[in-house]
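A short write-up of the structure that comes next.
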Amino acid sequence: MRSCSAISDGVELTDDVLVAAAQAGQEWAFVELCTRNSQRVFSMIYRVTKNREDAEDALQSSILRALLHLEQFDGRSSFATWFTRIGINSALMILRQKRFRLESSIDSAPEEDSWHPLQIADYAPNPEEHYAAYERSTHLKRAICQLPTPLRSVVELAKMEGHSIKQIAHRVGISVPATKSRLGRAKAALRKSMA
């Protein structure tokens, strides 16, 4: 069995090597990744929860989620960033659950059949939806940056700066039909990239 140490022949293993080992089923590698990153993640979680017990619960939940979803980690970001996002989402979920817990004093006895909890719908996106939207936004920005310059410039003027077709045509120095054509080609390229 391989040693639990993250040092091999005097050279400290990188997170990428540890992730590969952990994805191959090496428990020691996952333990080392969590050990390296837990303090930073705990600090971030604590900033969100402002409560030590909730932060500890969120960290435990984060480690479990990271273990369960480790095979889905694709390396687009560092393991530390991915693990931190999981931690923040876990903290947000704990805060959300606390918001819905009903608290009442044990000193006050409710009158029979007169007390009903007030339920208010929460329309805020849940942590998973928030994370998915963030990932889509990041992927879209990356895809826009990879467009050829003529297409990228019209997309940036249209979507990011909110210019009209006429304003874009004037700024870029092309006709309105050419601007529409470039926007159409850019949108098609982005759809293909996002698929």
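Convention: chains lettered A, B, ... in structure tokens order; per-chain residue numbering from 1; ligands numbered from 1 as shown.
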
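Every residue of segment 5-190 of chain A with a DSSP assignment of strand (DSSP E or B), taken from the backbone, is listed as A:Ile7, A:Ser8, A:Val11, A:Glu12.
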
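For Lys141 of chain A, the list of residues within 12 Å, based on only C-alpha atoms and with local chain neighbours fewer than 4 positions off taken out, reads Tyr134, Glu135, Arg136, Ser137, Cys145, Gln146, Leu147, Arg152, Val155, Glu156, Lys159, Met160, Leu190, Ser193 and Met194 of chain A.
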
- Item | Which residue of A:Lys50, A:Ile45, A:Phe79, A:Ile88 approaches Ala22 of chain A most closely, using only C-alpha atoms | A:Phe79

- In segment 38-181 of chain A, what's alpha helix (DSSP H) per DSSP? Answer as a PyMOL selection string? chain A and resi 38-49+52-68+79-100+127-145+149-155+165-172+176-181

Take the residues from that selection and put them in a file with C-alpha atoms, as a CSV table (one decimal), in the first residue's frame.
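Written file, selection.csv:
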```csv
chain,number,residue,atom,x,y,z
A,38,SER,CA,-9.6,22.9,4.9
A,39,GLN,CA,-8.3,25.9,6.8
A,40,ARG,CA,-8.8,28.3,3.9
A,41,VAL,CA,-12.3,26.8,3.2
A,42,PHE,CA,-13.3,27.0,6.8
A,43,SER,CA,-12.3,30.7,6.9
A,44,MET,CA,-14.4,31.4,3.9
A,45,ILE,CA,-17.4,29.5,5.3
A,46,TYR,CA,-17.0,31.2,8.7
A,47,ARG,CA,-17.3,34.6,6.9
A,48,VAL,CA,-20.6,33.5,5.4
A,49,THR,CA,-22.1,31.8,8.5
A,52,ARG,CA,-18.4,28.5,14.4
A,53,GLU,CA,-20.7,25.5,14.8
A,54,ASP,CA,-22.4,26.2,11.4
A,55,ALA,CA,-19.0,26.7,9.8
A,56,GLU,CA,-17.8,23.3,11.1
A,57,ASP,CA,-21.0,21.6,9.9
A,58,ALA,CA,-20.6,23.2,6.5
A,59,LEU,CA,-17.0,22.1,6.3
A,60,GLN,CA,-17.9,18.5,7.1
A,61,SER,CA,-20.7,18.7,4.5
A,62,SER,CA,-18.2,20.2,2.0
A,63,ILE,CA,-15.7,17.4,2.5
A,64,LEU,CA,-18.5,14.8,2.0
A,65,ARG,CA,-19.8,16.5,-1.2
A,66,ALA,CA,-16.2,16.8,-2.6
A,67,LEU,CA,-15.7,13.1,-2.0
A,68,LEU,CA,-19.0,12.2,-3.6
A,79,PHE,CA,-9.0,21.9,-6.7
A,80,ALA,CA,-8.8,24.7,-4.0
A,81,THR,CA,-11.2,26.9,-5.9
A,82,TRP,CA,-13.6,24.0,-6.5
A,83,PHE,CA,-13.5,22.9,-2.9
A,84,THR,CA,-14.0,26.5,-1.7
A,85,ARG,CA,-17.1,26.9,-4.0
A,86,ILE,CA,-18.5,23.7,-2.5
A,87,GLY,CA,-17.8,25.1,1.0
A,88,ILE,CA,-19.6,28.4,0.3
A,89,ASN,CA,-22.6,26.6,-1.2
A,90,SER,CA,-22.7,24.3,1.9
A,91,ALA,CA,-22.7,27.4,4.1
A,92,LEU,CA,-25.4,29.0,2.1
A,93,MET,CA,-27.5,25.9,2.4
A,94,ILE,CA,-27.1,25.9,6.2
A,95,LEU,CA,-28.2,29.5,6.4
A,96,ARG,CA,-31.1,28.8,4.2
A,97,GLN,CA,-32.2,25.9,6.4
A,98,LYS,CA,-31.9,28.0,9.5
A,99,ARG,CA,-34.1,30.7,7.9
A,100,PHE,CA,-36.9,28.2,7.7
A,127,PRO,CA,-27.0,27.4,-4.0
A,128,GLU,CA,-26.9,24.9,-6.9
A,129,GLU,CA,-28.8,27.3,-9.2
A,130,HIS,CA,-26.5,30.1,-8.2
A,131,TYR,CA,-23.4,28.0,-8.8
A,132,ALA,CA,-24.8,26.8,-12.2
A,133,ALA,CA,-25.5,30.4,-13.3
A,134,TYR,CA,-22.0,31.4,-12.2
A,135,GLU,CA,-20.5,28.6,-14.2
A,136,ARG,CA,-22.6,29.5,-17.3
A,137,SER,CA,-21.5,33.1,-17.0
A,138,THR,CA,-17.9,32.2,-16.6
A,139,HIS,CA,-18.1,29.8,-19.6
A,140,LEU,CA,-19.8,32.5,-21.7
A,141,LYS,CA,-17.2,35.1,-20.9
A,142,ARG,CA,-14.4,32.6,-21.8
A,143,ALA,CA,-16.2,31.7,-25.1
A,144,ILE,CA,-16.6,35.5,-26.0
A,145,CYS,CA,-12.9,36.0,-25.4
A,149,THR,CA,-11.8,40.1,-32.9
A,150,PRO,CA,-14.4,41.4,-35.4
A,151,LEU,CA,-17.1,39.2,-33.9
A,152,ARG,CA,-15.9,39.7,-30.3
A,153,SER,CA,-16.1,43.5,-30.7
A,154,VAL,CA,-19.7,43.6,-31.8
A,155,VAL,CA,-20.8,41.2,-29.1
A,165,ILE,CA,-27.2,48.0,-33.8
A,166,LYS,CA,-26.8,51.5,-35.3
A,167,GLN,CA,-24.4,52.6,-32.5
A,168,ILE,CA,-22.3,49.5,-33.0
A,169,ALA,CA,-22.2,50.0,-36.8
A,170,HIS,CA,-21.1,53.6,-36.3
A,171,ARG,CA,-18.4,52.7,-33.6
A,172,VAL,CA,-17.0,49.7,-35.6
A,176,VAL,CA,-26.0,48.1,-40.2
A,177,PRO,CA,-26.5,44.9,-42.3
A,178,ALA,CA,-22.8,43.9,-41.8
A,179,THR,CA,-23.2,44.5,-38.0
A,180,LYS,CA,-26.3,42.3,-37.9
A,181,SER,CA,-24.4,39.6,-39.9
```

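Our summary of the geometry notes that atom CA of Ala24 of chain A is positioned 10.1 Å from atom CA of Leu70 of chain A.
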
- Task: Would you list the contacts of Ala29 of chain A as a PyMOL selection string, taking every protein, DNA or RNA residue within 7 Å and counting only C-alpha atoms, but skipping same-chain residues closer than 5 positions in sequence?
- Result: chain A and resi 18-19+21-22

Write the residues of the preceding selection, restricted to N, CA, C and O atoms, as a short mmCIF file (atom, residue, chain, number, x, y, z; two decimals), in the first residue's frame.
```cif
data_model
loop_
_atom_site.label_atom_id
_atom_site.label_comp_id
_atom_site.auth_asym_id
_atom_site.auth_seq_id
_atom_site.Cartn_x
_atom_site.Cartn_y
_atom_site.Cartn_z
N LEU A 18 -2.36 14.90 -6.84
CA LEU A 18 -3.20 14.35 -5.78
C LEU A 18 -4.63 14.12 -6.25
O LEU A 18 -5.25 13.12 -5.89
N VAL A 19 -5.17 15.02 -7.05
CA VAL A 19 -6.53 14.85 -7.58
C VAL A 19 -6.58 13.59 -8.45
O VAL A 19 -7.50 12.77 -8.32
N ALA A 21 -4.68 10.98 -8.28
CA ALA A 21 -4.58 9.81 -7.41
C ALA A 21 -5.89 9.57 -6.67
O ALA A 21 -6.35 8.43 -6.54
N ALA A 22 -6.52 10.65 -6.18
CA ALA A 22 -7.78 10.51 -5.46
C ALA A 22 -8.88 9.99 -6.39
O ALA A 22 -9.68 9.14 -6.00
#
```
